[in-house]
$ cat data.pdb   # PDB, C-alpha atoms
ATOM      1  CA  MET A  22      39.884  28.915 -13.851
ATOM      2  CA  ASN A  23      37.465  26.994 -11.666
ATOM      3  CA  ALA A  24      37.484  23.214 -11.925
ATOM      4  CA  PRO A  25      34.266  21.783 -13.357
ATOM      5  CA  LEU A  26      31.793  20.442 -10.839
ATOM      6  CA  ASN A  27      31.503  16.671 -10.817
ATOM      7  CA  ILE A  28      27.698  16.539 -10.843
ATOM      8  CA  PRO A  29      25.960  13.534 -12.412
ATOM      9  CA  ALA A  30      23.245  14.205 -14.961
ATOM     10  CA  VAL A  31      19.980  12.421 -15.643
ATOM     11  CA  THR A  32      20.902  10.383 -18.688
ATOM     12  CA  ALA A  33      20.223   6.930 -20.002
ATOM     13  CA  ALA A  34      22.853   5.741 -17.503
ATOM     14  CA  ASP A  35      20.933   7.133 -14.522
ATOM     15  CA  THR A  36      19.073   3.926 -13.827
ATOM     16  CA  TRP A  37      17.691   2.253 -10.747
ATOM     17  CA  THR A  38      17.575  -1.425  -9.885
ATOM     18  CA  VAL A  39      15.145  -3.530  -7.871
ATOM     19  CA  ALA A  40      15.585  -7.280  -7.321
ATOM     20  CA  GLY A  41      18.176  -7.444 -10.086
ATOM     21  CA  ARG A  42      15.976  -5.693 -12.652
ATOM     22  CA  THR A  43      17.174  -2.340 -13.991
ATOM     23  CA  PHE A  44      14.948   0.473 -15.234
ATOM     24  CA  GLN A  45      15.436   3.936 -16.678
ATOM     25  CA  SER A  46      12.025   5.448 -15.952
ATOM     26  CA  ARG A  47      11.478   6.329 -12.304
ATOM     27  CA  LEU A  48       7.716   6.604 -12.735
ATOM     28  CA  ILE A  49       5.441   3.595 -12.137
ATOM     29  CA  ILE A  50       1.766   3.883 -12.993
ATOM     30  CA  GLY A  51      -1.274   1.824 -12.130
ATOM     31  CA  THR A  52      -4.028   0.107 -14.074
ATOM     32  CA  GLY A  53      -7.711  -0.414 -13.442
ATOM     33  CA  LYS A  54      -9.042   3.070 -12.637
ATOM     34  CA  TYR A  55      -9.224   4.356 -16.193
ATOM     35  CA  THR A  56     -12.461   4.587 -18.153
ATOM     36  CA  ASP A  57     -11.135   1.876 -20.459
ATOM     37  CA  TYR A  58      -7.954  -0.051 -21.202
ATOM     38  CA  ALA A  59      -7.245   1.987 -24.349
ATOM     39  CA  LEU A  60      -6.966   5.172 -22.286
ATOM     40  CA  ASN A  61      -4.844   3.298 -19.754
ATOM     41  CA  ALA A  62      -2.465   2.251 -22.535
ATOM     42  CA  ALA A  63      -2.252   5.774 -23.950
ATOM     43  CA  ALA A  64      -1.470   7.205 -20.511
ATOM     44  CA  ALA A  65       1.195   4.569 -19.920
ATOM     45  CA  GLU A  66       2.839   5.454 -23.215
ATOM     46  CA  ALA A  67       2.728   9.185 -22.439
ATOM     47  CA  SER A  68       4.222   8.635 -18.983
ATOM     48  CA  GLY A  69       7.293   6.830 -20.265
ATOM     49  CA  ALA A  70       6.795   4.232 -17.522
ATOM     50  CA  GLU A  71       8.409   0.826 -17.832
ATOM     51  CA  ILE A  72       6.518  -0.774 -14.931
ATOM     52  CA  VAL A  73       2.748  -0.920 -14.485
ATOM     53  CA  THR A  74       1.034  -2.233 -11.380
ATOM     54  CA  VAL A  75      -1.776  -4.724 -11.869
ATOM     55  CA  ALA A  76      -4.458  -5.126  -9.204
ATOM     56  CA  LEU A  77      -5.134  -8.815  -9.643
ATOM     57  CA  ARG A  78      -8.575  -8.603  -8.055
ATOM     58  CA  ARG A  79      -9.741  -5.704 -10.188
ATOM     59  CA  VAL A  80      -8.226  -6.137 -13.645
ATOM     60  CA  ASN A  81      -9.289  -8.697 -16.241
ATOM     61  CA  LEU A  82      -6.297 -10.809 -17.228
ATOM     62  CA  SER A  83      -7.983 -14.083 -18.104
ATOM     63  CA  ASP A  84     -11.548 -13.707 -19.463
ATOM     64  CA  PRO A  85     -11.319 -13.322 -23.283
ATOM     65  CA  SER A  86     -15.063 -12.672 -23.522
ATOM     66  CA  LYS A  87     -14.406  -9.222 -22.048
ATOM     67  CA  PRO A  88     -11.770  -6.561 -22.739
ATOM     68  CA  MET A  89      -8.439  -7.709 -21.323
ATOM     69  CA  LEU A  90      -5.669  -5.471 -20.024
ATOM     70  CA  VAL A  91      -2.980  -7.398 -21.908
ATOM     71  CA  ASP A  92      -4.623  -6.593 -25.242
ATOM     72  CA  TYR A  93      -3.816  -2.921 -24.679
ATOM     73  CA  VAL A  94      -1.002  -2.686 -22.137
ATOM     74  CA  LYS A  95       1.329  -5.269 -23.590
ATOM     75  CA  PRO A  96       3.361  -7.521 -21.269
ATOM     76  CA  ASP A  97       6.266  -7.468 -23.748
ATOM     77  CA  ARG A  98       6.332  -3.656 -23.554
ATOM     78  CA  TYR A  99       5.961  -3.230 -19.777
ATOM     79  CA  THR A 100       7.030  -5.055 -16.658
ATOM     80  CA  PHE A 101       3.844  -6.102 -14.905
ATOM     81  CA  LEU A 102       3.936  -5.661 -11.133
ATOM     82  CA  PRO A 103       1.066  -7.712  -9.661
ATOM     83  CA  ASN A 104      -0.286  -6.232  -6.443
ATOM     84  CA  THR A 105      -2.641  -7.318  -3.711
ATOM     85  CA  ALA A 106      -4.979  -4.327  -3.713
ATOM     86  CA  GLY A 107      -8.172  -5.200  -1.892
ATOM     87  CA  CYS A 108      -6.553  -7.680   0.485
ATOM     88  CA  PHE A 109      -7.125  -7.157   4.212
ATOM     89  CA  THR A 110      -5.294 -10.165   5.652
ATOM     90  CA  GLY A 111      -1.895 -11.676   5.097
ATOM     91  CA  GLU A 112      -3.498 -14.930   3.971
ATOM     92  CA  GLU A 113      -5.490 -13.186   1.248
ATOM     93  CA  ALA A 114      -2.395 -11.403  -0.021
ATOM     94  CA  VAL A 115      -0.207 -14.502  -0.076
ATOM     95  CA  ARG A 116      -2.891 -16.585  -1.783
ATOM     96  CA  THR A 117      -3.412 -13.881  -4.428
ATOM     97  CA  LEU A 118       0.277 -13.693  -5.286
ATOM     98  CA  ARG A 119       0.667 -17.458  -5.399
ATOM     99  CA  LEU A 120      -2.111 -17.541  -8.005
ATOM    100  CA  ALA A 121      -0.416 -14.711  -9.910
ATOM    101  CA  ARG A 122       2.838 -16.629 -10.092
ATOM    102  CA  GLU A 123       1.040 -19.735 -11.317
ATOM    103  CA  ALA A 124      -0.889 -17.763 -13.944
ATOM    104  CA  GLY A 125       1.792 -15.440 -15.259
ATOM    105  CA  GLY A 126       5.090 -16.564 -13.814
ATOM    106  CA  TRP A 127       5.467 -13.298 -11.908
ATOM    107  CA  SER A 128       7.931 -13.242  -9.016
ATOM    108  CA  LEU A 129       8.442  -9.466  -8.674
ATOM    109  CA  VAL A 130       5.315  -8.357  -6.818
ATOM    110  CA  LYS A 131       3.865  -5.532  -4.770
ATOM    111  CA  LEU A 132       2.492  -6.442  -1.363
ATOM    112  CA  GLU A 133      -0.202  -4.356   0.254
ATOM    113  CA  VAL A 134      -2.349  -5.501   3.156
ATOM    114  CA  LEU A 135      -4.826  -2.786   4.022
ATOM    115  CA  SER A 136      -6.603  -2.041   7.269
ATOM    116  CA  ASN A 137     -10.378  -2.197   6.928
ATOM    117  CA  THR A 138     -10.803   1.470   7.824
ATOM    118  CA  PRO A 139     -11.845   4.676   6.010
ATOM    119  CA  HIS A 140      -8.189   5.736   5.672
ATOM    120  CA  LEU A 141      -7.078   2.343   4.277
ATOM    121  CA  TYR A 142      -3.573   2.670   5.656
ATOM    122  CA  PRO A 143      -1.610  -0.600   5.613
ATOM    123  CA  ASP A 144      -1.960  -3.042   8.490
ATOM    124  CA  MET A 145       1.738  -3.263   9.211
ATOM    125  CA  GLU A 146       1.644  -6.368  11.405
ATOM    126  CA  GLU A 147      -0.188  -8.308   8.689
ATOM    127  CA  THR A 148       2.103  -6.823   6.047
ATOM    128  CA  LEU A 149       5.264  -7.949   7.837
ATOM    129  CA  ARG A 150       3.815 -11.432   8.418
ATOM    130  CA  ALA A 151       2.885 -11.820   4.756
ATOM    131  CA  LEU A 152       6.242 -10.460   3.610
ATOM    132  CA  LYS A 153       8.192 -13.073   5.557
ATOM    133  CA  LEU A 154       6.138 -15.880   4.052
ATOM    134  CA  LEU A 155       6.443 -14.547   0.494
ATOM    135  CA  VAL A 156      10.213 -14.086   0.812
ATOM    136  CA  SER A 157      10.523 -17.655   2.074
ATOM    137  CA  GLU A 158       8.708 -18.793  -1.090
ATOM    138  CA  GLY A 159      11.100 -16.952  -3.410
ATOM    139  CA  PHE A 160       9.108 -13.834  -4.252
ATOM    140  CA  ASP A 161      10.820 -10.465  -4.745
ATOM    141  CA  VAL A 162       8.525  -8.235  -2.739
ATOM    142  CA  MET A 163       8.085  -4.483  -3.040
ATOM    143  CA  VAL A 164       6.189  -3.502   0.097
ATOM    144  CA  TYR A 165       3.567  -0.772   0.488
ATOM    145  CA  CYS A 166       3.759   0.598   4.016
ATOM    146  CA  THR A 167       3.132   3.553   6.279
ATOM    147  CA  ASP A 168       5.842   6.182   6.691
ATOM    148  CA  ASP A 169       6.912   4.629  10.011
ATOM    149  CA  VAL A 170      10.720   4.863   9.949
ATOM    150  CA  VAL A 171      11.255   1.995  12.399
ATOM    151  CA  PHE A 172       8.837  -0.360  10.657
ATOM    152  CA  ALA A 173      10.343   0.473   7.264
ATOM    153  CA  LYS A 174      13.684  -0.849   8.509
ATOM    154  CA  LYS A 175      12.024  -4.008   9.842
ATOM    155  CA  LEU A 176      10.571  -4.638   6.391
ATOM    156  CA  GLU A 177      13.987  -4.309   4.796
ATOM    157  CA  GLU A 178      15.533  -6.635   7.380
ATOM    158  CA  ALA A 179      12.784  -9.157   6.628
ATOM    159  CA  GLY A 180      13.815  -9.237   2.976
ATOM    160  CA  ALA A 181      11.782  -6.562   1.198
ATOM    161  CA  ALA A 182      13.132  -5.761  -2.262
ATOM    162  CA  ALA A 183      11.839  -2.188  -2.010
ATOM    163  CA  ILE A 184      10.142   0.004   0.579
ATOM    164  CA  MET A 185       7.095   1.976  -0.586
ATOM    165  CA  PRO A 186       5.833   4.425   2.050
ATOM    166  CA  ALA A 187       2.520   6.187   1.491
ATOM    167  CA  ALA A 188       2.644   9.930   0.933
ATOM    168  CA  ALA A 189      -0.976  10.167   2.116
ATOM    169  CA  PRO A 190      -4.078   7.921   2.084
ATOM    170  CA  ILE A 191      -4.694   6.024  -1.157
ATOM    171  CA  GLY A 192      -6.501   8.117  -3.736
ATOM    172  CA  SER A 193      -6.522  11.245  -1.550
ATOM    173  CA  GLY A 194      -4.281  13.386  -3.760
ATOM    174  CA  LEU A 195      -3.001  15.189  -0.658
ATOM    175  CA  GLY A 196       0.660  14.873  -1.571
ATOM    176  CA  ILE A 197       3.506  14.108   0.820
ATOM    177  CA  GLN A 198       2.310  14.841   4.334
ATOM    178  CA  ASN A 199       5.490  13.906   6.220
ATOM    179  CA  LYS A 200       8.620  14.849   4.304
ATOM    180  CA  VAL A 201      10.805  14.298   7.360
ATOM    181  CA  ASN A 202       9.893  10.614   7.657
ATOM    182  CA  ILE A 203      10.204   9.970   3.936
ATOM    183  CA  ARG A 204      13.697  11.457   3.991
ATOM    184  CA  LEU A 205      14.672   9.423   7.059
ATOM    185  CA  ILE A 206      13.465   6.228   5.373
ATOM    186  CA  VAL A 207      15.536   7.086   2.292
ATOM    187  CA  GLU A 208      18.658   7.787   4.369
ATOM    188  CA  GLN A 209      18.540   4.492   6.248
ATOM    189  CA  ALA A 210      17.500   2.222   3.377
ATOM    190  CA  GLY A 211      19.739  -0.223   1.581
ATOM    191  CA  VAL A 212      17.017  -1.021  -0.959
ATOM    192  CA  PRO A 213      15.040   1.280  -3.282
ATOM    193  CA  VAL A 214      12.480   3.612  -1.697
ATOM    194  CA  LEU A 215       9.420   4.660  -3.698
ATOM    195  CA  VAL A 216       6.659   7.017  -2.648
ATOM    196  CA  ASP A 217       3.400   5.188  -3.214
ATOM    197  CA  ALA A 218      -0.163   6.501  -2.783
ATOM    198  CA  GLY A 219      -1.432  10.004  -2.121
ATOM    199  CA  VAL A 220       0.280  11.824  -4.991
ATOM    200  CA  GLY A 221      -2.097  14.324  -6.563
ATOM    201  CA  THR A 222      -0.206  16.454  -9.038
ATOM    202  CA  ALA A 223       3.174  16.963 -10.665
ATOM    203  CA  SER A 224       4.691  18.996  -7.830
ATOM    204  CA  ASP A 225       4.048  16.105  -5.420
ATOM    205  CA  ALA A 226       6.067  13.776  -7.634
ATOM    206  CA  THR A 227       8.867  16.322  -7.854
ATOM    207  CA  VAL A 228       9.029  16.634  -4.060
ATOM    208  CA  ALA A 229       9.270  12.857  -3.697
ATOM    209  CA  MET A 230      12.233  12.755  -6.038
ATOM    210  CA  GLU A 231      13.887  15.776  -4.395
ATOM    211  CA  LEU A 232      13.757  13.867  -1.109
ATOM    212  CA  GLY A 233      15.922  11.176  -2.703
ATOM    213  CA  CYS A 234      13.319   8.536  -3.545
ATOM    214  CA  ASP A 235      14.309   6.129  -6.282
ATOM    215  CA  ALA A 236      10.921   6.285  -7.986
ATOM    216  CA  VAL A 237       7.274   7.266  -7.575
ATOM    217  CA  LEU A 238       4.205   5.079  -8.006
ATOM    218  CA  MET A 239       0.787   6.537  -8.744
ATOM    219  CA  ASN A 240      -2.584   5.591 -10.163
ATOM    220  CA  THR A 241      -5.453   7.943  -9.309
ATOM    221  CA  ALA A 242      -3.338  11.069  -9.858
ATOM    222  CA  ILE A 243      -3.259  10.228 -13.567
ATOM    223  CA  ALA A 244      -6.435   8.181 -14.036
ATOM    224  CA  GLY A 245      -8.517  10.713 -12.095
ATOM    225  CA  ALA A 246      -7.239  13.801 -13.932
ATOM    226  CA  ARG A 247      -9.504  15.610 -16.403
ATOM    227  CA  ASP A 248      -6.933  14.799 -19.090
ATOM    228  CA  PRO A 249      -5.094  11.626 -18.023
ATOM    229  CA  ILE A 250      -2.708  11.608 -20.985
ATOM    230  CA  ARG A 251      -1.577  15.184 -20.386
ATOM    231  CA  MET A 252      -1.205  14.474 -16.665
ATOM    232  CA  ALA A 253       0.864  11.393 -17.489
ATOM    233  CA  ARG A 254       3.226  13.594 -19.505
ATOM    234  CA  ALA A 255       3.359  16.103 -16.657
ATOM    235  CA  MET A 256       4.264  13.370 -14.190
ATOM    236  CA  LYS A 257       7.012  12.108 -16.490
ATOM    237  CA  HIS A 258       8.651  15.533 -16.552
ATOM    238  CA  ALA A 259       8.038  16.117 -12.835
ATOM    239  CA  VAL A 260       9.903  12.965 -11.886
ATOM    240  CA  ILE A 261      12.808  13.892 -14.166
ATOM    241  CA  ALA A 262      12.941  17.434 -12.746
ATOM    242  CA  GLY A 263      12.889  16.202  -9.166
ATOM    243  CA  ARG A 264      15.648  13.714  -9.851
ATOM    244  CA  GLU A 265      17.780  16.395 -11.511
ATOM    245  CA  ALA A 266      17.264  18.729  -8.562
ATOM    246  CA  TYR A 267      18.206  15.987  -6.090
ATOM    247  CA  LEU A 268      21.396  15.177  -7.980
ATOM    248  CA  ALA A 269      22.274  18.871  -8.361
ATOM    249  CA  GLY A 270      21.972  19.537  -4.630
ATOM    250  CA  ARG A 271      19.769  22.412  -3.546
ATOM    251  CA  MET A 272      21.138  25.660  -2.161
ATOM    252  CA  PRO A 273      21.190  26.006   1.649
ATOM    253  CA  LYS A 274      18.156  27.542   3.291
ATOM    254  CA  LYS A 275      18.844  30.811   5.105
ATOM    255  CA  LEU A 276      16.908  32.938   7.552
ATOM    256  CA  TYR A 277      17.996  36.224   5.988
ATOM    257  CA  ALA A 278      18.481  37.732   2.558
ATOM    258  CA  ASP A 279      21.596  37.087   0.522
ATOM    259  CA  PRO A 280      21.581  39.330  -2.556
ATOM    260  CA  SER A 281      22.286  37.747  -5.902
ATOM    261  CA  SER A 282      24.580  40.635  -6.833
ATOM    262  CA  PRO A 283      27.300  41.966  -4.469
ATOM    263  CA  LEU A 284      26.538  45.239  -2.725
ATOM    264  CA  ALA A 285      30.201  46.369  -2.637
ATOM    265  CA  GLY A 286      31.327  48.704  -5.388
ATOM    266  CA  LEU A 287      27.916  50.136  -6.201
ATOM    267  CA  ILE A 288      27.870  53.545  -7.861
TER     268      ILE A 288
END
$ encode --input "data.pdb" --output "structure tokens"
Amino acid sequence: MNAPLNIPAVTAADTWTVAGRTFQSRLIIGTGKYTDYALNAAAAEASGAEIVTVALRRVNLSDPSKPMLVDYVKPDRYTFLPNTAGCFTGEEAVRTLRLAREAGGWSLVKLEVLSNTPHLYPDMEETLRALKLLVSEGFDVMVYCTDDVVFAKKLEEAGAAAIMPAAAPIGSGLGIQNKVNIRLIVEQAGVPVLVDAGVGTASDATVAMELGCDAVLMNTAIAGARDPIRMARAMKHAVIAGREAYLAGRMPKKLYADPSSPLAGLI
């Protein structure tokens, strides 16, 4: 009798932790690109996400004369992850997050400092500079970055709470363009790694998880779908499937056929 395989399963115990905070869902979704906050809230519920990113420059958190995100996506239901979307210098990003901490008490934040280019890839020099300042001020910083393996390690050494390499340009929906680098970043990291930006459909999320990422962050992939709520459900299952496949361990790739049934003993 063969001994049972000691393979972990995706259960309530299969959690991940960032900056001392533990979560079960490995899917993080954005806010601000939906047609309205009610749809955003419905998609968040369908996704099973526990964390939502909040673009402080694009989402209404403080003007009660207009619809407010917190009236629909409740802060007591989700962990808000303020981000610096729309910032192009380290100073802008740091100033934005200081204001966020004063307004909402948030210390777990997402840093992104974009290059002012059509591709909007992160400006990594500005990102690293801003990260060091934020860490020195007590922030727990999840850092959006390129898939540069060397720079990813520098971010971790500078105190990043999580590394978040882009799969492809923001909002492109192209999926993971460099699986080798994503895997190398995962292998070297001592902090969580999340694919962020460029995911387009459920299979992209599954690939990210199969590469060993701790979680996946997306916004446009859900908000820009014809049916955002259905896509949110699809992404929920895709992340679970990818995680299961990663834990199970895929079969080896081979150059030649290997029949499922033995050829010996055929009649």
$ resolve_selection --input "data.pdb" --expression "the PyMOL selection byres ((chain A and resi 164-176) around 8)" --output "NGL selection string"
:A and (131-133 or 142-143 or 145 or 148-149 or 152 or 162-163 or 177-188 or 199 or 202-203 or 205-206 or 209-210 or 217)
$ write_last_selection --input "data.pdb" --atoms "C-alpha atoms" --output "mmCIF file, in the frame of the given file"
data_model
loop_
_atom_site.group_PDB
_atom_site.id
_atom_site.type_symbol
_atom_site.label_atom_id
_atom_site.label_comp_id
_atom_site.auth_asym_id
_atom_site.auth_seq_id
_atom_site.Cartn_x
_atom_site.Cartn_y
_atom_site.Cartn_z
ATOM 1 C CA LYS A 131 3.865 -5.532 -4.770
ATOM 2 C CA LEU A 132 2.492 -6.442 -1.363
ATOM 3 C CA GLU A 133 -0.202 -4.356 0.254
ATOM 4 C CA TYR A 142 -3.573 2.670 5.656
ATOM 5 C CA PRO A 143 -1.610 -0.600 5.613
ATOM 6 C CA MET A 145 1.738 -3.263 9.211
ATOM 7 C CA THR A 148 2.103 -6.823 6.047
ATOM 8 C CA LEU A 149 5.264 -7.949 7.837
ATOM 9 C CA LEU A 152 6.242 -10.460 3.610
ATOM 10 C CA VAL A 162 8.525 -8.235 -2.739
ATOM 11 C CA MET A 163 8.085 -4.483 -3.040
ATOM 12 C CA GLU A 177 13.987 -4.309 4.796
ATOM 13 C CA GLU A 178 15.533 -6.635 7.380
ATOM 14 C CA ALA A 179 12.784 -9.157 6.628
ATOM 15 C CA GLY A 180 13.815 -9.237 2.976
ATOM 16 C CA ALA A 181 11.782 -6.562 1.198
ATOM 17 C CA ALA A 182 13.132 -5.761 -2.262
ATOM 18 C CA ALA A 183 11.839 -2.188 -2.010
ATOM 19 C CA ILE A 184 10.142 0.004 0.579
ATOM 20 C CA MET A 185 7.095 1.976 -0.586
ATOM 21 C CA PRO A 186 5.833 4.425 2.050
ATOM 22 C CA ALA A 187 2.520 6.187 1.491
ATOM 23 C CA ALA A 188 2.644 9.930 0.933
ATOM 24 C CA ASN A 199 5.490 13.906 6.220
ATOM 25 C CA ASN A 202 9.893 10.614 7.657
ATOM 26 C CA ILE A 203 10.204 9.970 3.936
ATOM 27 C CA LEU A 205 14.672 9.423 7.059
ATOM 28 C CA ILE A 206 13.465 6.228 5.373
ATOM 29 C CA GLN A 209 18.540 4.492 6.248
ATOM 30 C CA ALA A 210 17.500 2.222 3.377
ATOM 31 C CA ASP A 217 3.400 5.188 -3.214
#
$ resolve_selection --input "data.pdb" --expression "the PyMOL selection byres ((chain A and resi 78-81) around 8)" --output "number ranges by chain"
A: 52-53, 75-77, 82-84, 87-90, 105-107
$ resolve_selection --input "data.pdb" --expression "the PyMOL selection byres ((chain A and resi 61) around 10)" --output "tab-separated table (two decimals) with C-alpha atoms, in the frame of the given file"
chain	number	residue	atom	x	y	z
A	50	ILE	CA	1.77	3.88	-12.99
A	51	GLY	CA	-1.27	1.82	-12.13
A	52	THR	CA	-4.03	0.11	-14.07
A	53	GLY	CA	-7.71	-0.41	-13.44
A	54	LYS	CA	-9.04	3.07	-12.64
A	55	TYR	CA	-9.22	4.36	-16.19
A	56	THR	CA	-12.46	4.59	-18.15
A	57	ASP	CA	-11.14	1.88	-20.46
A	58	TYR	CA	-7.95	-0.05	-21.20
A	59	ALA	CA	-7.24	1.99	-24.35
A	60	LEU	CA	-6.97	5.17	-22.29
A	62	ALA	CA	-2.46	2.25	-22.54
A	63	ALA	CA	-2.25	5.77	-23.95
A	64	ALA	CA	-1.47	7.20	-20.51
A	65	ALA	CA	1.20	4.57	-19.92
A	66	GLU	CA	2.84	5.45	-23.22
A	67	ALA	CA	2.73	9.18	-22.44
A	90	LEU	CA	-5.67	-5.47	-20.02
A	93	TYR	CA	-3.82	-2.92	-24.68
A	94	VAL	CA	-1.00	-2.69	-22.14
A	243	ILE	CA	-3.26	10.23	-13.57
A	244	ALA	CA	-6.44	8.18	-14.04
A	249	PRO	CA	-5.09	11.63	-18.02
A	250	ILE	CA	-2.71	11.61	-20.98
$ residues_around --input "data.pdb" --residues "Val130 in chain A" --least-positions-apart "6" --cutoff "8 Å" --atoms "all atoms listed in the file" --output "list in words"
Leu102, Pro103, Asn104, Leu118, Phe160, Asp161, Val162 and Met163 of chain A
$ residues_around --input "data.pdb" --residues "range 109-111 of chain A" --least-positions-apart "4" --cutoff "8 Å" --atoms "all atoms listed in the file" --output "VMD selection string"
chain A and resid 115 134 to 137 144 147 to 148 150 to 151
$ atom_distance --input "data.pdb" --atom1 "CA of Val212 in chain A" --atom2 "CA of Val39 in chain A"
7.6 Å
$ atom_distance --input "data.pdb" --atom1 "CA of Asp35 in chain A" --atom2 "CA of Gly159 in chain A"
28.3 Å
$ residues_around --input "data.pdb" --residues "Ala266 in chain A" --least-positions-apart "3" --cutoff "10 Å" --atoms "all atoms listed in the file" --output "NGL selection string"
:A and (30-31 or 227-228 or 230-233 or 260-263 or 269-271)
